[in-house]
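Notes for the one structure printed next.
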Amino acid sequence: VLNTMKPKSTPVLATSELATNTDISVRVQTQVDGRTYVVPYVLDDNNQFYMEHSKAWNRLSYDNAGEVCSELKMRLVTEGEWEKLLATNVMEKDSWPMHLPYWGYQKKGLFTNGRVTQLKGSSLLNVLCVK
């Protein structure tokens, strides 16, 4: 239910399967064509991260990215949803992570320049969930 989502400035917390007692914070979110897109961040010391826009962003494997989305009652984004999101330019306007690609449905690497690449699943990429 879209109207139960918290504003992007308020973290949304959930328990994660990735580690015991792990919280997930939603760093940025937007709505496009009735779908909610979020970039989550797992709040523990067991996951790799990198800095962009003065914030830490997770770099997760495909399986771990899917687990995080599942914990938020969401899923990984499809190519079509990715294209719609890119067309809005919200990622640039709202300082979303742009330097690394995102995991997409069926192990697709989704690049912010629009390129899509099939990957094996072990790469550590950004996470983007949709509902």
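Each chain in the structure tokens gets a letter, A, B, ..., in the order shown, and its residues are numbered from 1; ligands are numbered from 1 in order too.
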Could you name the residues that touch region 83-96 of chain A at 7 Å or less, counting only C-alpha atoms, but leaving out those on the same chain fewer than 6 positions away, as a JSON list (two decimals) with N, CA, C and O atoms, in the first residue's frame?
```json
[["chain", "number", "residue", "atom", "x", "y", "z"],
["A", 28, "VAL", "N", 16.85, 6.76, 0.05],
["A", 28, "VAL", "CA", 16.12, 7.62, -0.89],
["A", 28, "VAL", "C", 14.97, 6.83, -1.46],
["A", 28, "VAL", "O", 15.02, 5.61, -1.54],
["A", 32, "VAL", "N", 7.06, 6.48, -9.30],
["A", 32, "VAL", "CA", 6.96, 6.66, -10.75],
["A", 32, "VAL", "C", 5.88, 5.72, -11.24],
["A", 32, "VAL", "O", 5.95, 4.51, -10.97],
["A", 53, "HIS", "N", 28.01, 11.22, -2.47],
["A", 53, "HIS", "CA", 27.15, 12.29, -1.95],
["A", 53, "HIS", "C", 27.23, 12.36, -0.41],
["A", 53, "HIS", "O", 26.23, 12.58, 0.26]]
```
For this session: Apply DSSP to the structure's backbone, then extract all residues of chain A labelled strand (DSSP E) and return them as a PyMOL selection string.
Result: chain A and resi 23-32+35-43+48-52+55-59+75-76+102-104+108-110+116-118+129-130
Would you save the residues from that selection as a PDB file, in the first residue's frame, using C-alpha atoms?
```
ATOM      1  CA  ASP A  23      18.096  -3.000  10.428  1.00  0.00           C
ATOM      2  CA  ILE A  24      17.443  -1.696   6.934  1.00  0.00           C
ATOM      3  CA  SER A  25      17.193   2.036   6.353  1.00  0.00           C
ATOM      4  CA  VAL A  26      15.658   3.522   3.207  1.00  0.00           C
ATOM      5  CA  ARG A  27      18.089   6.231   2.073  1.00  0.00           C
ATOM      6  CA  VAL A  28      16.123   7.623  -0.892  1.00  0.00           C
ATOM      7  CA  GLN A  29      12.782   6.867  -2.490  1.00  0.00           C
ATOM      8  CA  THR A  30      10.450   8.101  -5.211  1.00  0.00           C
ATOM      9  CA  GLN A  31       7.247   7.140  -6.976  1.00  0.00           C
ATOM     10  CA  VAL A  32       6.963   6.663 -10.747  1.00  0.00           C
ATOM     11  CA  ARG A  35       5.365   2.220  -8.191  1.00  0.00           C
ATOM     12  CA  THR A  36       7.568   3.052  -5.205  1.00  0.00           C
ATOM     13  CA  TYR A  37      11.331   2.822  -5.743  1.00  0.00           C
ATOM     14  CA  VAL A  38      13.732   2.768  -2.776  1.00  0.00           C
ATOM     15  CA  VAL A  39      17.481   2.491  -2.234  1.00  0.00           C
ATOM     16  CA  PRO A  40      17.933   0.617   1.059  1.00  0.00           C
ATOM     17  CA  TYR A  41      20.958   0.538   3.333  1.00  0.00           C
ATOM     18  CA  VAL A  42      21.713  -2.394   5.639  1.00  0.00           C
ATOM     19  CA  LEU A  43      22.832  -1.026   9.007  1.00  0.00           C
ATOM     20  CA  GLN A  48      30.631  -3.634   1.847  1.00  0.00           C
ATOM     21  CA  PHE A  49      29.802  -0.018   1.164  1.00  0.00           C
ATOM     22  CA  TYR A  50      31.214   2.989  -0.651  1.00  0.00           C
ATOM     23  CA  MET A  51      30.787   6.740  -0.217  1.00  0.00           C
ATOM     24  CA  GLU A  52      28.900   8.955  -2.651  1.00  0.00           C
ATOM     25  CA  LYS A  55      26.628   9.007   2.390  1.00  0.00           C
ATOM     26  CA  ALA A  56      27.486   5.330   2.673  1.00  0.00           C
ATOM     27  CA  TRP A  57      25.748   3.056   0.136  1.00  0.00           C
ATOM     28  CA  ASN A  58      25.704  -0.753   0.233  1.00  0.00           C
ATOM     29  CA  ARG A  59      27.378  -2.927  -2.357  1.00  0.00           C
ATOM     30  CA  ARG A  75      11.506  -6.876  -5.174  1.00  0.00           C
ATOM     31  CA  LEU A  76      14.364  -5.994  -7.509  1.00  0.00           C
ATOM     32  CA  TYR A 102      22.254  -1.459  -9.594  1.00  0.00           C
ATOM     33  CA  TRP A 103      21.016  -5.017  -9.358  1.00  0.00           C
ATOM     34  CA  GLY A 104      17.947  -5.698 -11.453  1.00  0.00           C
ATOM     35  CA  LYS A 108      20.812  -7.777 -14.694  1.00  0.00           C
ATOM     36  CA  GLY A 109      23.350  -5.037 -14.024  1.00  0.00           C
ATOM     37  CA  LEU A 110      21.515  -1.734 -14.536  1.00  0.00           C
ATOM     38  CA  VAL A 116      21.981  -3.264 -19.122  1.00  0.00           C
ATOM     39  CA  THR A 117      24.345  -6.231 -18.716  1.00  0.00           C
ATOM     40  CA  GLN A 118      23.676  -9.858 -17.735  1.00  0.00           C
ATOM     41  CA  CYS A 129      13.832  -2.197  -4.671  1.00  0.00           C
ATOM     42  CA  VAL A 130      10.377  -1.583  -6.145  1.00  0.00           C
TER      43      VAL A 130
END
```
Problem set entry | Computed interatomic separation between CA of Asp63 (chain A) and CA of Lys120 (chain A) (Å) | 10.6 Å
Exercise. Which distance in Å separates CA of Leu60 (chain A) and CA of Gly80 (chain A), to one decimal?
Worked result: 21.9 Å
Looking only at alpha helix (DSSP H) from DSSP on the backbone, list the matching residues of region 26-130 of chain A as a compact mmCIF listing (two decimals) with C-alpha atoms, in the first residue's frame.
```txt
# COMPACT_ATOMS: atom_id res chain seq x y z
CA TYR A 62 22.48 -10.38 -6.23
CA ASP A 63 21.17 -12.84 -3.61
CA ASN A 64 21.71 -10.39 -0.74
CA ALA A 65 20.10 -7.56 -2.73
CA GLY A 66 17.04 -9.75 -3.31
CA GLU A 67 16.88 -10.61 0.41
CA VAL A 68 16.95 -6.93 1.39
CA CYS A 69 14.13 -6.12 -1.02
CA SER A 70 12.13 -9.09 0.24
CA GLU A 71 12.52 -7.89 3.84
CA GLU A 79 14.48 -3.36 -17.03
CA GLY A 80 11.27 -1.55 -17.99
CA GLU A 81 10.88 -0.06 -14.52
CA TRP A 82 14.54 1.00 -14.58
CA GLU A 83 14.03 2.80 -17.89
CA LYS A 84 11.00 4.67 -16.49
CA LEU A 85 12.97 5.69 -13.40
CA LEU A 86 15.94 6.92 -15.47
CA ALA A 87 13.61 9.00 -17.67
CA THR A 88 12.50 11.05 -14.63
CA VAL A 90 15.12 11.95 -10.13
CA MET A 91 18.34 10.10 -9.40
CA GLU A 92 20.45 13.12 -10.38
CA LYS A 93 18.10 15.68 -8.79
```
Exercise. From the list A:Leu100, A:Lys131, A:Asp45, A:Lys73, which residue is nearest Arg115 (chain A) when using only C-alpha atoms?
Worked result: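 Checking each of A:Leu100, A:Lys131, A:Asp45, A:Lys73 against Arg115 (chain A), counting only C-alpha atoms, the winner is A:Leu100.
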Exercise. Which residue, A:Leu128, A:Leu119, A:Val77, A:Leu72, has the smallest gap to Met98 (chain A) when you use only C-alpha atoms?
Worked result: A:Leu128
